[in-house]
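**Q** My structure is stored as final.cif, with mmCIF, C-alpha atoms (C1' of nucleotides).
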```cif
data_start
#
loop_
_atom_site.group_PDB
_atom_site.id
_atom_site.type_symbol
_atom_site.label_atom_id
_atom_site.label_comp_id
_atom_site.auth_asym_id
_atom_site.auth_seq_id
_atom_site.Cartn_x
_atom_site.Cartn_y
_atom_site.Cartn_z
ATOM 1 C CA MET A 1 0.000 0.000 0.000
ATOM 2 C CA THR A 2 1.367 3.380 -0.872
ATOM 3 C CA ILE A 3 0.842 5.904 1.823
ATOM 4 C CA VAL A 4 2.269 9.021 0.312
ATOM 5 C CA ALA A 5 -0.141 10.511 -2.153
ATOM 6 C CA THR A 6 1.174 13.236 -4.349
ATOM 7 C CA LEU A 7 -0.741 16.399 -4.582
ATOM 8 C CA LYS A 8 -1.578 17.650 -8.034
ATOM 9 C CA SER A 9 -3.168 20.826 -6.821
ATOM 10 C CA ASP A 10 -4.185 22.238 -3.518
ATOM 11 C CA ILE A 11 -7.876 22.244 -2.950
ATOM 12 C CA THR A 12 -7.732 25.614 -1.300
ATOM 13 C CA PRO A 13 -5.611 28.488 -2.517
ATOM 14 C CA ASP A 14 -4.384 28.770 1.051
ATOM 15 C CA GLY A 15 -2.871 25.328 1.040
ATOM 16 C CA ALA A 16 0.422 26.317 -0.449
ATOM 17 C CA ASP A 17 0.783 29.170 2.005
ATOM 18 C CA TYR A 18 0.879 27.055 5.117
ATOM 19 C CA GLU A 19 4.481 26.005 4.839
ATOM 20 C CA THR A 20 5.516 29.650 4.766
ATOM 21 C CA VAL A 21 3.148 30.556 7.545
ATOM 22 C CA ARG A 22 4.276 27.627 9.638
ATOM 23 C CA ARG A 23 7.870 28.738 9.488
ATOM 24 C CA VAL A 24 6.969 32.303 10.368
ATOM 25 C CA ILE A 25 5.002 31.193 13.417
ATOM 26 C CA GLU A 26 7.781 28.872 14.444
ATOM 27 C CA MET A 27 10.461 31.524 14.159
ATOM 28 C CA ILE A 28 8.518 34.095 16.070
ATOM 29 C CA THR A 29 7.542 31.747 18.886
ATOM 30 C CA ASP A 30 10.743 29.726 19.134
ATOM 31 C CA ASP A 31 13.030 32.735 18.916
ATOM 32 C CA TYR A 32 10.894 34.938 21.075
ATOM 33 C CA ARG A 33 13.972 35.994 23.034
ATOM 34 C CA ASP A 34 15.297 37.967 20.108
ATOM 35 C CA GLN A 35 11.909 38.840 18.634
ATOM 36 C CA PRO A 36 12.774 38.711 14.943
ATOM 37 C CA SER A 37 11.289 41.462 12.810
ATOM 38 C CA LEU A 38 9.406 40.818 9.609
ATOM 39 C CA ASP A 39 12.541 41.835 7.721
ATOM 40 C CA ASP A 40 14.644 39.291 9.621
ATOM 41 C CA ILE A 41 12.166 36.520 8.947
ATOM 42 C CA ALA A 42 11.778 37.424 5.304
ATOM 43 C CA ALA A 43 15.538 37.374 4.910
ATOM 44 C CA ARG A 44 15.763 33.927 6.440
ATOM 45 C CA LEU A 45 12.990 32.621 4.178
ATOM 46 C CA LYS A 46 14.630 34.365 1.220
ATOM 47 C CA GLN A 47 11.520 36.340 0.446
ATOM 48 C CA ALA A 48 10.750 40.007 0.038
ATOM 49 C CA PRO A 49 9.198 41.367 3.253
ATOM 50 C CA SER A 50 6.247 42.829 1.376
ATOM 51 C CA GLN A 51 5.522 39.547 -0.329
ATOM 52 C CA LEU A 52 5.785 37.623 2.901
ATOM 53 C CA GLN A 53 3.398 40.051 4.510
ATOM 54 C CA LYS A 54 0.946 39.520 1.662
ATOM 55 C CA THR A 55 1.142 35.738 1.774
ATOM 56 C CA PHE A 56 0.651 35.695 5.493
ATOM 57 C CA THR A 57 -2.285 38.064 5.452
ATOM 58 C CA ARG A 58 -4.005 36.193 2.630
ATOM 59 C CA TRP A 59 -3.762 33.024 4.679
ATOM 60 C CA ALA A 60 -4.654 34.343 8.122
ATOM 61 C CA GLY A 61 -6.918 37.265 7.332
ATOM 62 C CA LEU A 62 -4.595 39.052 9.725
ATOM 63 C CA SER A 63 -1.224 40.750 9.437
ATOM 64 C CA PRO A 64 1.657 38.856 11.050
ATOM 65 C CA LYS A 65 1.677 41.357 13.867
ATOM 66 C CA ALA A 66 -2.065 41.096 14.522
ATOM 67 C CA PHE A 67 -1.807 37.326 14.259
ATOM 68 C CA LEU A 68 0.854 37.284 16.900
ATOM 69 C CA GLN A 69 -1.291 39.349 19.214
ATOM 70 C CA ALA A 70 -4.129 36.905 18.618
ATOM 71 C CA VAL A 71 -2.114 33.976 19.958
ATOM 72 C CA THR A 72 -0.478 35.633 22.949
ATOM 73 C CA LEU A 73 -1.260 34.759 26.534
ATOM 74 C CA ASP A 74 -3.161 37.987 27.082
ATOM 75 C CA HIS A 75 -5.496 37.284 24.235
ATOM 76 C CA ALA A 76 -5.983 33.670 25.268
ATOM 77 C CA LYS A 77 -6.929 34.797 28.756
ATOM 78 C CA ARG A 78 -9.502 37.108 27.264
ATOM 79 C CA LEU A 79 -10.965 34.297 25.164
ATOM 80 C CA LEU A 80 -11.334 32.231 28.296
ATOM 81 C CA ARG A 81 -12.800 34.958 30.434
ATOM 82 C CA GLN A 82 -15.622 35.994 28.187
ATOM 83 C CA GLU A 83 -18.483 33.688 29.031
ATOM 84 C CA SER A 84 -16.589 30.466 28.547
ATOM 85 C CA MET A 85 -18.530 28.623 31.215
ATOM 86 C CA PRO A 86 -22.012 29.725 30.120
ATOM 87 C CA LEU A 87 -21.116 28.585 26.620
ATOM 88 C CA LEU A 88 -20.711 25.042 27.771
ATOM 89 C CA GLU A 89 -23.645 25.026 30.149
ATOM 90 C CA THR A 90 -26.382 26.555 28.041
ATOM 91 C CA SER A 91 -25.591 24.328 25.159
ATOM 92 C CA ILE A 92 -26.437 21.218 27.114
ATOM 93 C CA GLU A 93 -30.076 22.054 26.540
ATOM 94 C CA VAL A 94 -29.519 22.830 22.912
ATOM 95 C CA GLY A 95 -29.089 19.139 22.561
ATOM 96 C CA LEU A 96 -26.231 16.835 23.007
ATOM 97 C CA SER A 97 -28.432 14.054 21.812
ATOM 98 C CA GLY A 98 -30.056 15.997 19.008
ATOM 99 C CA PRO A 99 -28.742 15.741 15.505
ATOM 100 C CA SER A 100 -27.573 19.262 14.869
ATOM 101 C CA ARG A 101 -24.420 20.438 16.474
ATOM 102 C CA LEU A 102 -22.651 23.590 15.771
ATOM 103 C CA HIS A 103 -19.177 24.546 15.294
ATOM 104 C CA ASP A 104 -19.412 27.241 12.684
ATOM 105 C CA LEU A 105 -18.915 24.297 10.470
ATOM 106 C CA PHE A 106 -22.246 22.664 11.250
ATOM 107 C CA VAL A 107 -21.927 19.069 12.121
ATOM 108 C CA THR A 108 -24.183 16.124 12.849
ATOM 109 C CA HIS A 109 -22.455 13.493 14.824
ATOM 110 C CA GLU A 110 -23.092 9.983 15.906
ATOM 111 C CA ALA A 111 -21.000 7.947 18.265
ATOM 112 C CA MET A 112 -20.074 4.340 17.763
ATOM 113 C CA SER A 113 -21.677 1.864 20.108
ATOM 114 C CA PRO A 114 -19.481 0.416 22.876
ATOM 115 C CA GLY A 115 -19.418 -2.860 20.980
ATOM 116 C CA GLU A 116 -18.133 -1.201 17.853
ATOM 117 C CA TRP A 117 -15.540 0.629 19.892
ATOM 118 C CA LYS A 118 -14.270 -2.603 21.393
ATOM 119 C CA ALA A 119 -14.066 -4.222 17.986
ATOM 120 C CA ARG A 120 -11.401 -1.624 17.132
ATOM 121 C CA GLY A 121 -12.739 -1.007 13.669
ATOM 122 C CA GLU A 122 -13.651 -4.583 12.808
ATOM 123 C CA GLY A 123 -15.960 -4.643 9.802
ATOM 124 C CA LEU A 124 -15.358 -0.991 9.038
ATOM 125 C CA THR A 125 -14.108 0.169 5.664
ATOM 126 C CA ILE A 126 -12.176 3.401 5.912
ATOM 127 C CA ARG A 127 -11.418 5.361 2.754
ATOM 128 C CA TRP A 128 -8.597 7.820 3.050
ATOM 129 C CA GLY A 129 -6.611 10.424 1.179
ATOM 130 C CA PHE A 130 -4.225 13.323 1.658
ATOM 131 C CA HIS A 131 -5.255 16.812 0.587
ATOM 132 C CA GLY A 132 -3.884 20.321 0.871
ATOM 133 C CA SER A 133 -5.333 22.416 3.670
ATOM 134 C CA PRO A 134 -4.706 25.739 5.357
ATOM 135 C CA PHE A 135 -2.810 23.797 8.040
ATOM 136 C CA GLY A 136 -0.575 21.616 5.947
ATOM 137 C CA ARG A 137 -1.291 18.265 4.376
ATOM 138 C CA ALA A 138 -4.480 16.853 5.780
ATOM 139 C CA LEU A 139 -5.239 13.156 6.043
ATOM 140 C CA VAL A 140 -8.970 12.630 5.620
ATOM 141 C CA MET A 141 -10.631 9.337 6.579
ATOM 142 C CA VAL A 142 -14.272 8.552 5.866
ATOM 143 C CA THR A 143 -16.709 5.704 6.375
ATOM 144 C CA GLU A 144 -20.153 5.405 4.825
ATOM 145 C CA ARG A 145 -21.467 6.945 8.040
ATOM 146 C CA GLY A 146 -19.422 10.086 7.597
ATOM 147 C CA LEU A 147 -16.077 11.629 8.439
ATOM 148 C CA ALA A 148 -14.175 9.492 10.931
ATOM 149 C CA GLY A 149 -10.653 10.884 10.916
ATOM 150 C CA LEU A 150 -8.803 14.109 10.170
ATOM 151 C CA ALA A 151 -5.102 14.540 10.845
ATOM 152 C CA PHE A 152 -2.219 16.708 9.695
ATOM 153 C CA SER A 153 1.323 16.130 8.620
ATOM 154 C CA ASP A 154 4.216 18.380 7.763
ATOM 155 C CA GLU A 155 5.826 17.935 4.396
ATOM 156 C CA ALA A 156 6.595 14.359 3.460
ATOM 157 C CA ASP A 157 5.892 12.620 6.741
ATOM 158 C CA GLY A 158 2.559 11.241 5.644
ATOM 159 C CA ARG A 159 3.436 7.721 6.638
ATOM 160 C CA ALA A 160 3.768 8.478 10.357
ATOM 161 C CA CYS A 161 0.576 10.464 10.200
ATOM 162 C CA PHE A 162 -1.286 7.596 8.570
ATOM 163 C CA GLU A 163 0.064 5.093 11.106
ATOM 164 C CA ASP A 164 -0.893 7.353 13.968
ATOM 165 C CA MET A 165 -4.483 7.300 12.761
ATOM 166 C CA ALA A 166 -4.725 3.740 11.465
ATOM 167 C CA CYS A 167 -3.510 2.169 14.710
ATOM 168 C CA ARG A 168 -6.553 3.584 16.463
ATOM 169 C CA TRP A 169 -8.800 1.207 14.518
ATOM 170 C CA PRO A 170 -6.392 -1.611 13.690
ATOM 171 C CA ASN A 171 -9.061 -4.032 12.513
ATOM 172 C CA ALA A 172 -10.566 -1.735 9.905
ATOM 173 C CA GLU A 173 -9.955 -2.160 6.222
ATOM 174 C CA TYR A 174 -8.135 0.800 4.678
ATOM 175 C CA VAL A 175 -8.631 1.836 1.075
ATOM 176 C CA GLU A 176 -6.849 4.768 -0.495
ATOM 177 C CA ASP A 177 -9.546 6.742 -2.272
ATOM 178 C CA ARG A 178 -8.793 10.389 -2.826
ATOM 179 C CA GLU A 179 -11.944 10.844 -4.844
ATOM 180 C CA ALA A 180 -14.063 9.867 -1.878
ATOM 181 C CA THR A 181 -12.230 12.165 0.527
ATOM 182 C CA ALA A 182 -11.689 15.235 -1.673
ATOM 183 C CA ALA A 183 -15.207 16.590 -1.272
ATOM 184 C CA TYR A 184 -14.932 16.396 2.508
ATOM 185 C CA ALA A 185 -11.602 18.194 2.506
ATOM 186 C CA ALA A 186 -12.841 20.939 0.216
ATOM 187 C CA ARG A 187 -15.809 21.608 2.422
ATOM 188 C CA ILE A 188 -14.161 21.455 5.788
ATOM 189 C CA PHE A 189 -11.573 24.098 5.038
ATOM 190 C CA ASP A 190 -13.719 26.550 3.122
ATOM 191 C CA PRO A 191 -15.825 28.646 5.514
ATOM 192 C CA SER A 192 -17.970 29.908 2.656
ATOM 193 C CA ARG A 193 -19.275 26.381 2.260
ATOM 194 C CA TRP A 194 -20.248 25.900 5.876
ATOM 195 C CA ASN A 195 -24.004 25.912 6.242
ATOM 196 C CA ALA A 196 -26.626 24.665 8.642
ATOM 197 C CA GLU A 197 -28.869 23.104 6.005
ATOM 198 C CA GLU A 198 -26.309 20.549 4.994
ATOM 199 C CA PRO A 199 -24.333 19.721 8.095
ATOM 200 C CA LEU A 200 -21.212 17.671 7.826
ATOM 201 C CA ARG A 201 -21.746 14.102 8.964
ATOM 202 C CA ILE A 202 -19.134 12.839 11.369
ATOM 203 C CA VAL A 203 -18.797 9.674 13.384
ATOM 204 C CA LEU A 204 -16.980 9.638 16.711
ATOM 205 C CA ILE A 205 -15.203 6.396 17.437
ATOM 206 C CA GLY A 206 -13.946 6.291 21.005
ATOM 207 C CA SER A 207 -14.647 5.279 24.590
ATOM 208 C CA ASP A 208 -17.661 6.705 26.345
ATOM 209 C CA PHE A 209 -15.575 9.227 28.226
ATOM 210 C CA GLN A 210 -13.671 10.300 25.132
ATOM 211 C CA VAL A 211 -16.852 10.813 23.143
ATOM 212 C CA ARG A 212 -18.316 12.956 25.901
ATOM 213 C CA VAL A 213 -15.203 15.116 25.921
ATOM 214 C CA TRP A 214 -15.258 15.480 22.129
ATOM 215 C CA GLU A 215 -18.929 16.441 22.206
ATOM 216 C CA ALA A 216 -18.073 19.154 24.711
ATOM 217 C CA LEU A 217 -15.446 20.472 22.310
ATOM 218 C CA LEU A 218 -18.000 20.641 19.508
ATOM 219 C CA ARG A 219 -19.977 23.130 21.556
ATOM 220 C CA ILE A 220 -17.214 25.735 21.682
ATOM 221 C CA PRO A 221 -17.970 28.331 19.019
ATOM 222 C CA MET A 222 -15.366 29.613 16.627
ATOM 223 C CA GLY A 223 -13.173 32.283 18.128
ATOM 224 C CA LYS A 224 -13.864 31.185 21.697
ATOM 225 C CA ALA A 225 -11.998 28.906 24.075
ATOM 226 C CA VAL A 226 -12.510 26.910 27.264
ATOM 227 C CA THR A 227 -10.157 25.277 29.747
ATOM 228 C CA TYR A 228 -9.628 21.580 30.347
ATOM 229 C CA SER A 229 -11.053 21.972 33.816
ATOM 230 C CA ASP A 230 -14.152 23.731 32.431
ATOM 231 C CA ILE A 231 -14.840 20.601 30.433
ATOM 232 C CA ALA A 232 -14.153 18.344 33.399
ATOM 233 C CA GLY A 233 -16.578 20.343 35.489
ATOM 234 C CA GLN A 234 -19.215 20.205 32.807
ATOM 235 C CA LEU A 235 -18.922 16.420 32.679
ATOM 236 C CA GLY A 236 -19.563 16.322 36.417
ATOM 237 C CA GLN A 237 -16.019 15.217 37.217
ATOM 238 C CA PRO A 238 -14.317 18.441 38.229
ATOM 239 C CA LYS A 239 -11.079 16.730 39.210
ATOM 240 C CA ALA A 240 -10.677 14.914 35.919
ATOM 241 C CA SER A 241 -9.033 17.762 34.029
ATOM 242 C CA ARG A 242 -5.997 15.683 33.302
ATOM 243 C CA ALA A 243 -8.104 12.845 31.995
ATOM 244 C CA VAL A 244 -9.882 15.419 29.836
ATOM 245 C CA GLY A 245 -6.526 16.495 28.489
ATOM 246 C CA ALA A 246 -5.661 12.944 27.579
ATOM 247 C CA ALA A 247 -9.009 12.486 25.830
ATOM 248 C CA VAL A 248 -8.688 15.776 23.979
ATOM 249 C CA GLY A 249 -5.291 14.600 22.817
ATOM 250 C CA ARG A 250 -6.890 11.515 21.292
ATOM 251 C CA ASN A 251 -9.393 13.510 19.280
ATOM 252 C CA PRO A 252 -9.448 11.781 15.883
ATOM 253 C CA LEU A 253 -11.067 14.721 14.057
ATOM 254 C CA SER A 254 -8.540 17.480 14.465
ATOM 255 C CA PHE A 255 -9.919 20.902 13.571
ATOM 256 C CA VAL A 256 -13.483 19.652 12.939
ATOM 257 C CA VAL A 257 -13.757 18.746 16.602
ATOM 258 C CA PRO A 258 -12.028 21.930 17.733
ATOM 259 C CA CYS A 259 -9.576 20.644 20.287
ATOM 260 C CA HIS A 260 -7.399 23.685 19.574
ATOM 261 C CA ARG A 261 -9.985 25.708 21.514
ATOM 262 C CA ALA A 262 -9.105 23.917 24.752
ATOM 263 C CA LEU A 263 -6.472 25.812 26.728
ATOM 264 C CA GLY A 264 -4.801 25.530 30.102
ATOM 265 C CA LYS A 265 -6.382 27.423 32.949
ATOM 266 C CA GLY A 266 -3.804 30.187 32.751
ATOM 267 C CA GLY A 267 -4.380 30.612 29.027
ATOM 268 C CA ALA A 268 -1.273 28.655 28.011
ATOM 269 C CA LEU A 269 -1.722 26.425 24.987
ATOM 270 C CA THR A 270 -0.222 23.489 26.909
ATOM 271 C CA GLY A 271 -0.163 20.933 24.119
ATOM 272 C CA TYR A 272 -1.326 19.687 20.759
ATOM 273 C CA HIS A 273 -1.028 16.263 19.231
ATOM 274 C CA TRP A 274 -0.129 17.692 15.818
ATOM 275 C CA GLY A 275 2.272 20.314 17.198
ATOM 276 C CA LEU A 276 1.811 23.542 19.109
ATOM 277 C CA THR A 277 2.676 25.551 16.013
ATOM 278 C CA ARG A 278 -0.392 24.112 14.342
ATOM 279 C CA LYS A 279 -2.547 24.964 17.353
ATOM 280 C CA ARG A 280 -1.338 28.549 17.161
ATOM 281 C CA ALA A 281 -2.026 28.549 13.442
ATOM 282 C CA MET A 282 -5.596 27.376 13.939
ATOM 283 C CA LEU A 283 -6.356 29.862 16.691
ATOM 284 C CA GLY A 284 -4.865 32.725 14.670
ATOM 285 C CA TRP A 285 -6.606 31.652 11.477
ATOM 286 C CA GLU A 286 -9.902 31.615 13.332
ATOM 287 C CA ALA A 287 -9.186 34.990 14.917
ATOM 288 C CA GLY A 288 -8.897 36.356 11.394
ATOM 289 C CA ARG A 289 -12.325 34.989 10.516
ATOM 290 C CA ALA A 290 -14.334 35.212 13.711
ATOM 291 C "C1'" DG B 291 -6.007 -6.202 39.984
ATOM 292 C "C1'" DG B 292 -1.390 -3.263 39.293
ATOM 293 C "C1'" DG B 293 1.282 0.032 37.088
ATOM 294 C "C1'" DC B 294 2.250 3.454 33.933
ATOM 295 C "C1'" DC B 295 1.206 7.474 31.020
ATOM 296 C "C1'" DG B 296 -0.960 12.014 29.505
ATOM 297 C "C1'" DC B 297 -2.768 18.498 25.471
ATOM 298 C "C1'" DG B 298 -3.826 19.512 33.998
ATOM 299 C "C1'" DC B 299 -3.660 21.922 38.176
ATOM 300 C "C1'" DA B 300 -2.542 23.881 42.658
ATOM 301 C "C1'" DC B 301 0.606 24.701 45.922
ATOM 302 C "C1'" DA B 302 5.240 25.121 47.514
ATOM 303 C "C1'" DC B 303 9.647 27.228 47.554
ATOM 304 C "C1'" DG C 304 10.060 30.989 37.702
ATOM 305 C "C1'" DT C 305 10.701 25.588 38.806
ATOM 306 C "C1'" DG C 306 9.408 21.573 41.473
ATOM 307 C "C1'" DT C 307 6.231 18.296 43.274
ATOM 308 C "C1'" DG C 308 2.317 15.731 44.336
ATOM 309 C "C1'" DC C 309 -2.450 14.832 43.632
ATOM 310 C "C1'" DG C 310 -5.878 13.285 40.596
ATOM 311 C "C1'" DC C 311 -8.255 11.126 36.735
ATOM 312 C "C1'" DG C 312 -9.464 7.754 32.591
ATOM 313 C "C1'" DG C 313 -7.197 4.642 29.317
ATOM 314 C "C1'" DC C 314 -4.539 0.947 28.342
ATOM 315 C "C1'" DC C 315 -1.170 -2.819 28.799
ATOM 316 C "C1'" DC C 316 -0.221 -6.308 31.270
#
```
As structure tokens, please, write out the structure in this file.
**A**
Amino acid sequence: MTIVATLKSDITPDGADYETVRRVIEMITDDYRDQPSLDDIAARLKQAPSQLQKTFTRWAGLSPKAFLQAVTLDHAKRLLRQESMPLLETSIEVGLSGPSRLHDLFVTHEAMSPGEWKARGEGLTIRWGFHGSPFGRALVMVTERGLAGLAFSDEADGRACFEDMACRWPNAEYVEDREATAAYAARIFDPSRWNAEEPLRIVLIGSDFQVRVWEALLRIPMGKAVTYSDIAGQLGQPKASRAVGAAVGRNPLSFVVPCHRALGKGGALTGYHWGLTRKRAMLGWEAGRA
DNA sequence: GGGCCGCGCACAC
DNA sequence: GTGTGCGCGGCCC
């Protein structure tokens, strides 16, 4: 089986920008001690500063400087403060069990039964493919019941990314099928195609606890954030924040189930399965669109 | 059942 | 700021 699919064209015009953006975010956050200027960064990327600025702004909807402000601690604290708890609580009535869930990308979800979860994917056919996305190469996995997996990889490391996902449901049958996954990818990453009439169908495959945590994440609106302990409290297990963190980290639908909107209590980003740089990228990208 | 790990947190110094 | 211990669910014996 060949894992690495070559990309003829990015499905979003933003796709090609991510590599540039990723390196900018990395430089600014890794080398925060000597706060590199746009000119410094452009020089290191061998680009004209004005062009870099343009690329970045096209991708983020925000200038590099504004983007940076959007992912600082101060800003994160503000995201948390404004009505983060009410967000989680009111939405319980809106209907965990009901079919329509919102993200700004509207989603209907179903969870696998405990039996199906234990079978570790037995009897499931999973079609998969890599596609360009605003956050690097995206691995999309679908079943006939809807989207089951979404993951990201930098550059050529698609194999590790695929393994990371496939080992979660080791008994499933995997079929490379970019035609089947392309439509999902195109929709997920294009906000203009998000609408309530045709929600995206997703299927959550996980333990009972994990599914409850992921459902809580689905209730956080775009441009908002909650803490791990908020979620623990909402599940009625206020001391389980660390268990929540572990479950968030196992979220199989990165971005669609917005685990990047879960932050530490102090506003620190604390962690991300697909890399903190990507978490910053998602939060900043959303800040430019919220 | 036992033991370890993880996208946490609070408290200490 | 760094260290440390508590706490939890998941997972592998």
**Q** Could you write out as a list of chain:residue names the residues that the PyMOL selection byres ((chain A) within 9 of (chain B)) matches in the shown file?
**A**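 Evaluating the PyMOL selection byres ((chain A) within 9 of (chain B)) on this file yields A:Tyr228, A:Ser229, A:Ala240, A:Ser241, A:Arg242, A:Ala243, A:Val244, A:Gly245, A:Ala246, A:Ala247, A:Val248, A:Gly249, A:Cys259, A:Ala262, A:Leu263, A:Gly264, A:Lys265, A:Leu269, A:Thr270, A:Gly271, A:Tyr272, A:His273.
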**Q** Put those residues in a file: C-alpha atoms, as a CSV table (one decimal), in the coordinates of the input.
**A**
```
chain,number,residue,atom,x,y,z
A,228,TYR,CA,-9.6,21.6,30.3
A,229,SER,CA,-11.1,22.0,33.8
A,240,ALA,CA,-10.7,14.9,35.9
A,241,SER,CA,-9.0,17.8,34.0
A,242,ARG,CA,-6.0,15.7,33.3
A,243,ALA,CA,-8.1,12.8,32.0
A,244,VAL,CA,-9.9,15.4,29.8
A,245,GLY,CA,-6.5,16.5,28.5
A,246,ALA,CA,-5.7,12.9,27.6
A,247,ALA,CA,-9.0,12.5,25.8
A,248,VAL,CA,-8.7,15.8,24.0
A,249,GLY,CA,-5.3,14.6,22.8
A,259,CYS,CA,-9.6,20.6,20.3
A,262,ALA,CA,-9.1,23.9,24.8
A,263,LEU,CA,-6.5,25.8,26.7
A,264,GLY,CA,-4.8,25.5,30.1
A,265,LYS,CA,-6.4,27.4,32.9
A,269,LEU,CA,-1.7,26.4,25.0
A,270,THR,CA,-0.2,23.5,26.9
A,271,GLY,CA,-0.2,20.9,24.1
A,272,TYR,CA,-1.3,19.7,20.8
A,273,HIS,CA,-1.0,16.3,19.2
```
**Q** Rounded to one decimal in Å, what is the spacing between atom CA of Val211 of chain A and atom CA of Asn195 of chain A?
**A**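 Atom-to-atom, atom CA of Val211 of chain A to atom CA of Asn195 of chain A, that is 23.8 Å.
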**Q** Can you turn the PyMOL selection byres ((chain A and resi 143) around 7) into a concrete residue list for this file, as a list in words?
**A** Thr125, Ile126, Arg127, Val142, Glu144, Arg145, Gly146, Leu147 and Ala148 of chain A
**Q** Residues near Thr20 of chain A, anyone? I mean within 9 Å using all atoms listed in the file, not counting same-chain ones fewer than 6 positions away, as a PyMOL selection string.
**A** chain A and resi 45+52+55-56
**Q** Excluding same-chain residues fewer than 2 positions from segment 155-166 of chain A, what lies within 8 Å of it counting all atoms listed in the file, as a list of chain:residue names?
**A**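 Near segment 155-166 of chain A, the qualifying residues are A:Ile3, A:Val4, A:Gly136, A:Arg137, A:Leu139, A:Gly149, A:Ala151, A:Phe152, A:Ser153, A:Arg168, A:Trp169, A:Pro170, A:Pro252.
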**Q** Hey, can you check how far atom CA of Arg120 of chain A sits from atom CA of Lys279 of chain A?
**A**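 Atom CA of Lys279 of chain A lies 28.0 Å from atom CA of Arg120 of chain A.
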**Q** Atom CA of Arg201 of chain A and atom CA of Glu110 of chain A, how far apart in Å?
**A** 8.2 Å
**Q** Compile the residues of chain C that lie within 12 Å of chain A, evaluated using all atoms listed in the file, and express the compilation as an MDAnalysis selection string.
**A** chainID C and resid 309:314
**Q** Assuming 6 Å of padding per side, give the centre and edge lengths of the axis-aligned box around every listed atom of segment 253-264 of chain A, in Å to one decimal and as AutoDock Vina command-line options.
**A**
```
--center_x -9.3 --center_y 20.3 --center_z 21.5 --size_x 21.0 --size_y 23.1 --size_z 29.2
```
**Q** Can you list, as a PyMOL selection string, every protein, DNA or RNA residue that comes within 6 Å of Leu253 of chain A when you count all atoms listed in the file, leaving out same-chain residues fewer than 2 positions away?
**A** chain A and resi 149-150+251+256-257
